[in-house]
>>> print(open('coords33.cif').read())   # mmCIF, C-alpha atoms (C1' of nucleotides)
data_query
#
loop_
_atom_site.label_atom_id
_atom_site.label_comp_id
_atom_site.auth_asym_id
_atom_site.auth_seq_id
_atom_site.Cartn_x
_atom_site.Cartn_y
_atom_site.Cartn_z
CA MET D 1 -127.28 -64.30 233.48
CA GLY D 2 -125.43 -67.42 234.58
CA ALA D 3 -125.45 -69.35 237.81
CA MET D 4 -126.55 -67.77 241.07
CA ARG D 5 -125.56 -69.38 244.37
CA LEU D 6 -128.04 -68.17 246.99
CA VAL D 7 -128.05 -68.88 250.72
CA THR D 8 -130.45 -68.43 253.62
CA TRP D 9 -129.05 -68.53 257.14
CA ASN D 10 -130.55 -67.69 260.51
CA VAL D 11 -127.35 -66.68 262.28
CA ASN D 12 -128.83 -66.13 265.77
CA SER D 13 -127.02 -62.82 266.38
CA MET D 14 -124.70 -61.34 263.76
CA LYS D 15 -122.67 -59.79 266.55
CA ALA D 16 -121.91 -63.20 268.03
CA ARG D 17 -121.50 -64.87 264.61
CA ALA D 18 -119.90 -62.36 262.23
CA ASP D 19 -116.45 -63.93 262.24
CA ARG D 20 -117.84 -67.40 261.53
CA VAL D 21 -120.20 -66.08 258.87
CA LEU D 22 -117.51 -64.13 257.03
CA GLU D 23 -115.12 -67.08 257.07
CA TRP D 24 -117.86 -69.37 255.76
CA MET D 25 -118.71 -66.98 252.93
CA VAL D 26 -115.08 -66.75 251.81
CA ASP D 27 -115.07 -70.56 251.67
CA ILE D 28 -118.45 -71.09 249.97
CA GLU D 29 -118.44 -68.06 247.65
CA PRO D 30 -122.19 -67.43 247.53
CA ASP D 31 -123.58 -64.68 245.28
CA VAL D 32 -126.44 -63.71 247.59
CA VAL D 33 -127.00 -64.45 251.29
CA CYS D 34 -130.25 -63.85 253.18
CA PHE D 35 -129.72 -63.48 256.92
CA GLN D 36 -132.21 -63.70 259.76
CA GLU D 37 -132.01 -62.89 263.46
CA THR D 38 -129.21 -60.37 263.22
CA LYS D 39 -130.33 -59.17 266.68
CA MET D 40 -128.70 -55.76 266.31
CA GLU D 41 -129.57 -52.13 265.68
CA GLN D 42 -129.73 -51.00 262.07
CA ASP D 43 -126.37 -49.19 262.14
CA ALA D 44 -124.55 -51.87 264.14
CA PHE D 45 -124.38 -54.23 261.14
CA PRO D 46 -120.72 -54.92 260.20
CA THR D 47 -121.08 -53.38 256.76
CA MET D 48 -117.38 -52.79 256.22
CA ASP D 49 -116.42 -56.35 257.16
CA PHE D 50 -118.71 -57.63 254.40
CA ALA D 51 -117.45 -55.00 251.97
CA ALA D 52 -113.92 -56.18 252.64
CA ILE D 53 -114.78 -59.62 251.23
CA GLY D 54 -116.70 -58.19 248.29
CA TYR D 55 -120.33 -57.93 249.40
CA GLU D 56 -122.80 -55.09 249.50
CA THR D 57 -125.27 -55.41 252.34
CA ALA D 58 -128.67 -54.07 253.37
CA HIS D 59 -129.87 -54.52 256.94
CA PHE D 60 -133.26 -54.00 258.54
CA GLY D 61 -132.63 -54.21 262.27
CA GLN D 62 -134.43 -53.26 265.42
CA GLY D 63 -132.09 -54.04 268.27
CA ARG D 64 -132.23 -57.01 270.58
CA TRP D 65 -134.51 -59.27 268.57
CA ASN D 66 -135.31 -60.16 264.98
CA GLY D 67 -133.48 -58.31 262.21
CA VAL D 68 -132.97 -59.39 258.58
CA ALA D 69 -130.32 -58.59 255.98
CA ILE D 70 -129.22 -59.37 252.44
CA ALA D 71 -125.61 -59.57 251.26
CA SER D 72 -124.83 -59.64 247.54
CA ARG D 73 -121.77 -59.60 245.31
CA VAL D 74 -123.88 -59.30 242.14
CA GLY D 75 -125.72 -56.05 242.86
CA LEU D 76 -128.19 -54.89 245.49
CA ASP D 77 -130.83 -52.50 244.21
CA ASP D 78 -134.28 -51.20 245.11
CA VAL D 79 -134.05 -52.18 248.77
CA VAL D 80 -137.38 -52.26 250.63
CA GLU D 81 -137.55 -52.71 254.38
CA ASN D 82 -140.69 -54.28 255.81
CA PHE D 83 -143.65 -55.30 253.61
CA ALA D 84 -144.15 -53.42 250.34
CA ALA D 85 -146.21 -50.23 250.28
CA GLY D 86 -149.89 -51.06 250.37
CA VAL D 87 -149.48 -53.86 252.93
CA GLU D 88 -149.96 -53.14 256.63
CA PRO D 89 -146.39 -52.70 257.94
CA ASP D 90 -145.16 -55.06 260.62
CA HIS D 91 -143.99 -53.69 263.96
CA GLU D 92 -140.93 -55.97 263.91
CA ALA D 93 -137.97 -56.22 261.51
CA ARG D 94 -138.80 -59.47 259.70
CA ILE D 95 -138.57 -58.87 255.94
CA ILE D 96 -136.20 -57.01 253.63
CA SER D 97 -136.16 -57.20 249.83
CA ALA D 98 -133.71 -56.23 247.11
CA THR D 99 -133.02 -56.94 243.45
CA CYS D 100 -129.81 -58.89 242.85
CA ALA D 101 -128.77 -59.56 239.25
CA GLY D 102 -132.36 -59.50 238.06
CA VAL D 103 -133.74 -61.67 240.85
CA ARG D 104 -136.15 -60.10 243.34
CA VAL D 105 -134.91 -61.48 246.64
CA SER D 106 -136.60 -61.29 250.05
CA SER D 107 -135.08 -62.39 253.36
CA VAL D 108 -137.84 -63.35 255.79
CA TYR D 109 -137.96 -64.23 259.47
CA VAL D 110 -141.44 -65.63 260.02
CA PRO D 111 -142.65 -65.24 263.62
CA ASN D 112 -142.30 -68.24 265.92
CA GLY D 113 -145.85 -69.17 266.94
CA ARG D 114 -144.71 -70.37 270.38
CA ALA D 115 -147.87 -72.46 270.96
CA LEU D 116 -151.16 -73.02 269.18
CA ASP D 117 -153.09 -71.12 271.87
CA ASP D 118 -150.62 -68.22 272.06
CA ASP D 119 -151.31 -64.78 270.61
CA HIS D 120 -148.03 -65.13 268.72
CA TYR D 121 -149.49 -68.03 266.77
CA GLN D 122 -152.24 -65.77 265.39
CA TYR D 123 -149.58 -63.12 264.72
CA LYS D 124 -147.62 -65.74 262.76
CA LEU D 125 -150.61 -66.73 260.63
CA GLY D 126 -151.51 -63.11 259.95
CA TRP D 127 -147.91 -62.32 259.07
CA LEU D 128 -147.91 -65.10 256.47
CA ASP D 129 -151.18 -63.76 255.03
CA ARG D 130 -149.48 -60.39 254.65
CA LEU D 131 -146.49 -62.05 252.95
CA VAL D 132 -148.85 -63.23 250.20
CA GLU D 133 -150.26 -59.69 249.95
CA HIS D 134 -146.69 -58.40 249.73
CA LEU D 135 -146.02 -60.67 246.74
CA GLU D 136 -149.31 -59.72 245.08
CA VAL D 137 -148.51 -56.00 245.19
CA SER D 138 -144.75 -56.07 244.60
CA ALA D 139 -143.69 -59.15 242.64
CA SER D 140 -144.55 -61.11 239.51
CA ARG D 141 -144.80 -64.88 239.37
CA GLU D 142 -143.60 -64.58 235.78
CA GLN D 143 -140.26 -63.16 236.96
CA PRO D 144 -137.39 -64.67 238.95
CA VAL D 145 -138.42 -64.18 242.57
CA VAL D 146 -136.87 -65.78 245.66
CA VAL D 147 -138.31 -65.59 249.18
CA ALA D 148 -135.79 -67.25 251.47
CA GLY D 149 -135.65 -67.46 255.21
CA ASP D 150 -136.59 -69.01 258.50
CA TYR D 151 -140.25 -69.91 258.00
CA ASN D 152 -140.63 -71.64 261.36
CA ILE D 153 -142.76 -74.21 259.50
CA ALA D 154 -141.81 -77.76 258.52
CA PRO D 155 -143.57 -78.27 255.17
CA THR D 156 -144.35 -81.97 255.68
CA ASP D 157 -143.74 -84.72 258.20
CA ASP D 158 -140.72 -85.73 256.09
CA ASP D 159 -139.15 -82.52 257.38
CA VAL D 160 -139.59 -83.47 261.04
CA PHE D 161 -137.53 -85.95 263.08
CA ASN D 162 -140.45 -86.94 265.33
CA PRO D 163 -143.76 -86.20 263.62
CA ALA D 164 -145.83 -88.21 266.09
CA GLU D 165 -144.46 -86.22 269.02
CA MET D 166 -145.00 -82.90 267.27
CA VAL D 167 -148.78 -83.21 266.92
CA GLY D 168 -150.40 -80.29 268.69
CA PHE D 169 -147.29 -78.13 268.55
CA THR D 170 -146.40 -75.17 266.41
CA HIS D 171 -144.31 -75.49 263.19
CA VAL D 172 -146.37 -78.46 261.91
CA SER D 173 -150.04 -77.44 262.25
CA ASP D 174 -152.47 -77.57 259.35
CA ALA D 175 -153.05 -73.82 259.52
CA GLU D 176 -149.33 -73.09 259.19
CA ARG D 177 -148.92 -75.55 256.35
CA ASP D 178 -151.99 -74.01 254.69
CA ARG D 179 -150.10 -70.70 254.67
CA LEU D 180 -147.17 -72.38 252.86
CA ALA D 181 -149.71 -73.79 250.41
CA ALA D 182 -151.00 -70.25 249.82
CA LEU D 183 -147.48 -69.14 248.93
CA GLU D 184 -147.31 -72.08 246.51
CA ARG D 185 -150.64 -71.08 245.00
CA TRP D 186 -149.19 -67.61 244.43
CA GLY D 187 -146.38 -69.25 242.49
CA LEU D 188 -143.54 -70.16 244.82
CA VAL D 189 -141.82 -73.55 244.95
CA ASP D 190 -139.64 -75.09 247.71
CA LEU D 191 -136.44 -75.38 245.70
CA PHE D 192 -134.87 -78.09 247.86
CA ARG D 193 -137.97 -80.30 247.85
CA ARG D 194 -138.55 -79.84 244.11
CA ARG D 195 -135.01 -80.94 243.38
CA TYR D 196 -134.93 -83.82 245.92
CA PRO D 197 -138.52 -85.05 246.35
CA ASP D 198 -137.51 -88.20 248.23
CA ALA D 199 -134.88 -86.75 250.57
CA ALA D 200 -135.58 -87.64 254.20
CA GLY D 201 -133.89 -86.69 257.43
CA VAL D 202 -132.59 -83.42 256.02
CA TYR D 203 -132.98 -80.68 258.62
CA SER D 204 -131.84 -77.08 258.94
CA TRP D 205 -132.43 -76.38 262.66
CA TRP D 206 -131.58 -78.31 265.79
CA ASP D 207 -132.31 -77.21 269.35
CA TYR D 208 -129.16 -76.34 271.27
CA ARG D 209 -130.40 -78.50 274.14
CA ASN D 210 -130.16 -82.22 274.69
CA GLY D 211 -127.49 -82.79 272.08
CA ASP D 212 -130.24 -82.71 269.48
CA PHE D 213 -127.84 -81.95 266.62
CA HIS D 214 -125.68 -84.96 267.33
CA LYS D 215 -128.75 -87.16 267.69
CA GLY D 216 -130.20 -86.03 264.37
CA ARG D 217 -133.26 -84.50 266.04
CA GLY D 218 -134.06 -81.49 263.85
CA LEU D 219 -136.56 -79.75 261.61
CA ARG D 220 -136.30 -78.43 258.07
CA ILE D 221 -137.77 -74.97 258.59
CA ASP D 222 -135.32 -72.80 256.62
CA LEU D 223 -136.59 -72.68 253.07
CA VAL D 224 -135.59 -71.15 249.77
CA LEU D 225 -138.80 -70.57 247.85
CA GLY D 226 -138.67 -69.41 244.23
CA THR D 227 -140.92 -68.86 241.27
CA GLU D 228 -141.21 -71.61 238.68
CA ALA D 229 -138.49 -70.08 236.50
CA VAL D 230 -136.07 -70.35 239.42
CA ALA D 231 -137.23 -73.82 240.48
CA ALA D 232 -136.88 -75.24 236.99
CA ALA D 233 -133.37 -73.78 236.80
CA THR D 234 -132.18 -75.12 240.16
CA THR D 235 -129.20 -77.42 239.64
CA TRP D 236 -128.58 -78.36 243.29
CA ALA D 237 -129.43 -77.46 246.85
CA ILE D 238 -127.96 -78.51 250.18
CA VAL D 239 -128.03 -77.86 253.91
CA ASP D 240 -124.46 -77.26 255.06
CA ARG D 241 -124.52 -79.27 258.29
CA ASN D 242 -120.82 -78.60 258.78
CA ALA D 243 -121.69 -74.99 259.62
CA ARG D 244 -123.75 -76.25 262.60
CA LYS D 245 -120.65 -77.92 264.08
CA GLY D 246 -117.71 -76.60 266.03
CA LYS D 247 -117.43 -73.69 268.42
CA GLN D 248 -120.36 -71.33 268.95
CA PRO D 249 -122.53 -72.32 265.99
CA SER D 250 -125.93 -70.85 265.24
CA ASP D 251 -128.73 -73.31 265.97
CA HIS D 252 -129.56 -73.11 262.24
CA ALA D 253 -127.42 -74.35 259.35
CA PRO D 254 -127.23 -72.39 256.10
CA VAL D 255 -129.27 -73.66 253.15
CA ILE D 256 -127.65 -73.20 249.74
CA ALA D 257 -129.44 -73.33 246.38
CA GLU D 258 -127.87 -72.79 242.99
CA PHE D 259 -129.81 -71.99 239.84
CA GLU D 260 -128.79 -71.24 236.28
CA LEU D 261 -130.96 -68.46 234.83
"C1'" DA U 1 -131.69 -87.86 285.30
"C1'" DT U 2 -138.29 -84.23 285.96
"C1'" DG U 3 -133.02 -81.01 283.65
"C1'" DG U 4 -130.83 -79.52 279.67
"C1'" DT U 5 -128.36 -74.43 275.59
"C1'" DA U 6 -127.59 -69.98 273.75
"C1'" DG U 7 -127.94 -64.88 273.11
"C1'" DC U 8 -129.16 -60.49 274.92
"C1'" DA U 9 -129.77 -58.10 278.73
"C1'" DT U 10 -130.54 -57.62 283.60
"C1'" DC U 11 -132.83 -59.81 288.19
"C1'" DG U 12 -136.30 -62.76 282.65
"C1'" DC U 13 -137.32 -63.15 277.76
"C1'" DT U 14 -137.02 -65.50 273.33
"C1'" DA U 15 -136.12 -69.40 270.69
#
>>> encode(input="coords33.cif", output="structure tokens")
Amino acid sequence: MGAMRLVTWNVNSMKARADRVLEWMVDIEPDVVCFQETKMEQDAFPTMDFAAIGYETAHFGQGRWNGVAIASRVGLDDVVENFAAGVEPDHEARIISATCAGVRVSSVYVPNGRALDDDHYQYKLGWLDRLVEHLEVSASREQPVVVAGDYNIAPTDDDVFNPAEMVGFTHVSDAERDRLAALERWGLVDLFRRRYPDAAGVYSWWDYRNGDFHKGRGLRIDLVLGTEAVAAATTWAIVDRNARKGKQPSDHAPVIAEFEL
DNA sequence: ATGGTAGCATCGCTA
């Protein structure tokens, strides 16, 4: 089916970021984009603005917080909001799935655990357990499947600017990384890490505070996971740090992966 | 230097 250029980007409010996002997409020409943190009601999504540059969109929004969407210029079929039927639905808008040119694509916004002793940490772990259930009931590891989004987990210490200081905090705990391992056991592969096993200091999120971006203090928590067929076909992947620069950026940079199926 | 940013919404929460 040819090359597919797929992006995941936590935009931290589509309302505040739409102009930047649309301009970036015209420049980069992705085939599929998975968005997180649209932070708007379902019907507030700027559908026509995306249509004007050639993209169909599907949005699962809930208002002030969360919200996920998929934009595609290669087809957008069989849209499912929330987890697939058979899995306990989540009370927040954190996953949407669609089929784009034969690839089953999900955009996911994994809960932020806040702290290891916070109820939201248990919510995060349970949510990731349900993501595995979702794959078991709705996807096939033998098919091209991509689950891209803000995982709020740094897979290894190579994905963290200050691993020693992060001990005891969320995003790096064994339990969270065990959940990523469970996704790998199901059949998903971190496309960036597979392609660049030795890359260090590559991050996708930097706190707005303290000048962290300019000091290189970030985490790689935005991941494009794909089944083996996708991973083996991945020709390149990159974090577009340029999109974190300039006026009113999101605190996340987009992650691009291209694969030739 | 014991703070700091950003978005949404409203007198605080979330990240």
>>> interface_residues(input="coords33.cif", of="chain D", to="chain U", cutoff="9 Å", atoms="all atoms listed in the file", output="PyMOL selection string")
chain D and resi 12-13+16+39+64-65+112+114+207-211+248+250-251
>>> atom_distance(input="coords33.cif", atom1="CA of Arg217 in chain D", atom2="CA of Phe259 in chain D")
29.2 Å
>>> atom_distance(input="coords33.cif", atom1="CA of His252 in chain D", atom2="CA of Glu88 in chain D")
29.1 Å
>>> atom_distance(input="coords33.cif", atom1="CA of Arg185 in chain D", atom2="CA of Glu258 in chain D")
22.9 Å
>>> resolve_selection(input="coords33.cif", expression="the PyMOL selection byres ((chain D and resi 236) around 7)", output="NGL selection string")
:D and (195 or 234-235 or 237-238 or 257-258)
>>> decode(input="coords33.cif", residues="chain U", atoms="C-alpha atoms (C1' of nucleotides)", output="short mmCIF file (atom, residue, chain, number, x, y, z; two decimals), in the first residue's frame")
data_model
loop_
_atom_site.label_atom_id
_atom_site.label_comp_id
_atom_site.auth_asym_id
_atom_site.auth_seq_id
_atom_site.Cartn_x
_atom_site.Cartn_y
_atom_site.Cartn_z
"C1'" DA U 1 16.36 32.64 43.90
"C1'" DT U 2 12.32 28.01 48.33
"C1'" DG U 3 9.72 30.21 42.69
"C1'" DG U 4 8.88 29.09 38.11
"C1'" DT U 5 4.50 27.94 32.81
"C1'" DA U 6 0.38 27.06 30.36
"C1'" DG U 7 -4.61 26.13 29.46
"C1'" DC U 8 -9.25 26.23 31.01
"C1'" DA U 9 -12.15 28.22 33.89
"C1'" DT U 10 -13.30 30.89 37.90
"C1'" DC U 11 -11.85 32.38 43.08
"C1'" DG U 12 -8.40 26.24 41.75
"C1'" DC U 13 -7.43 22.23 38.91
"C1'" DT U 14 -4.51 19.58 35.78
"C1'" DA U 15 -0.26 18.67 33.77
#
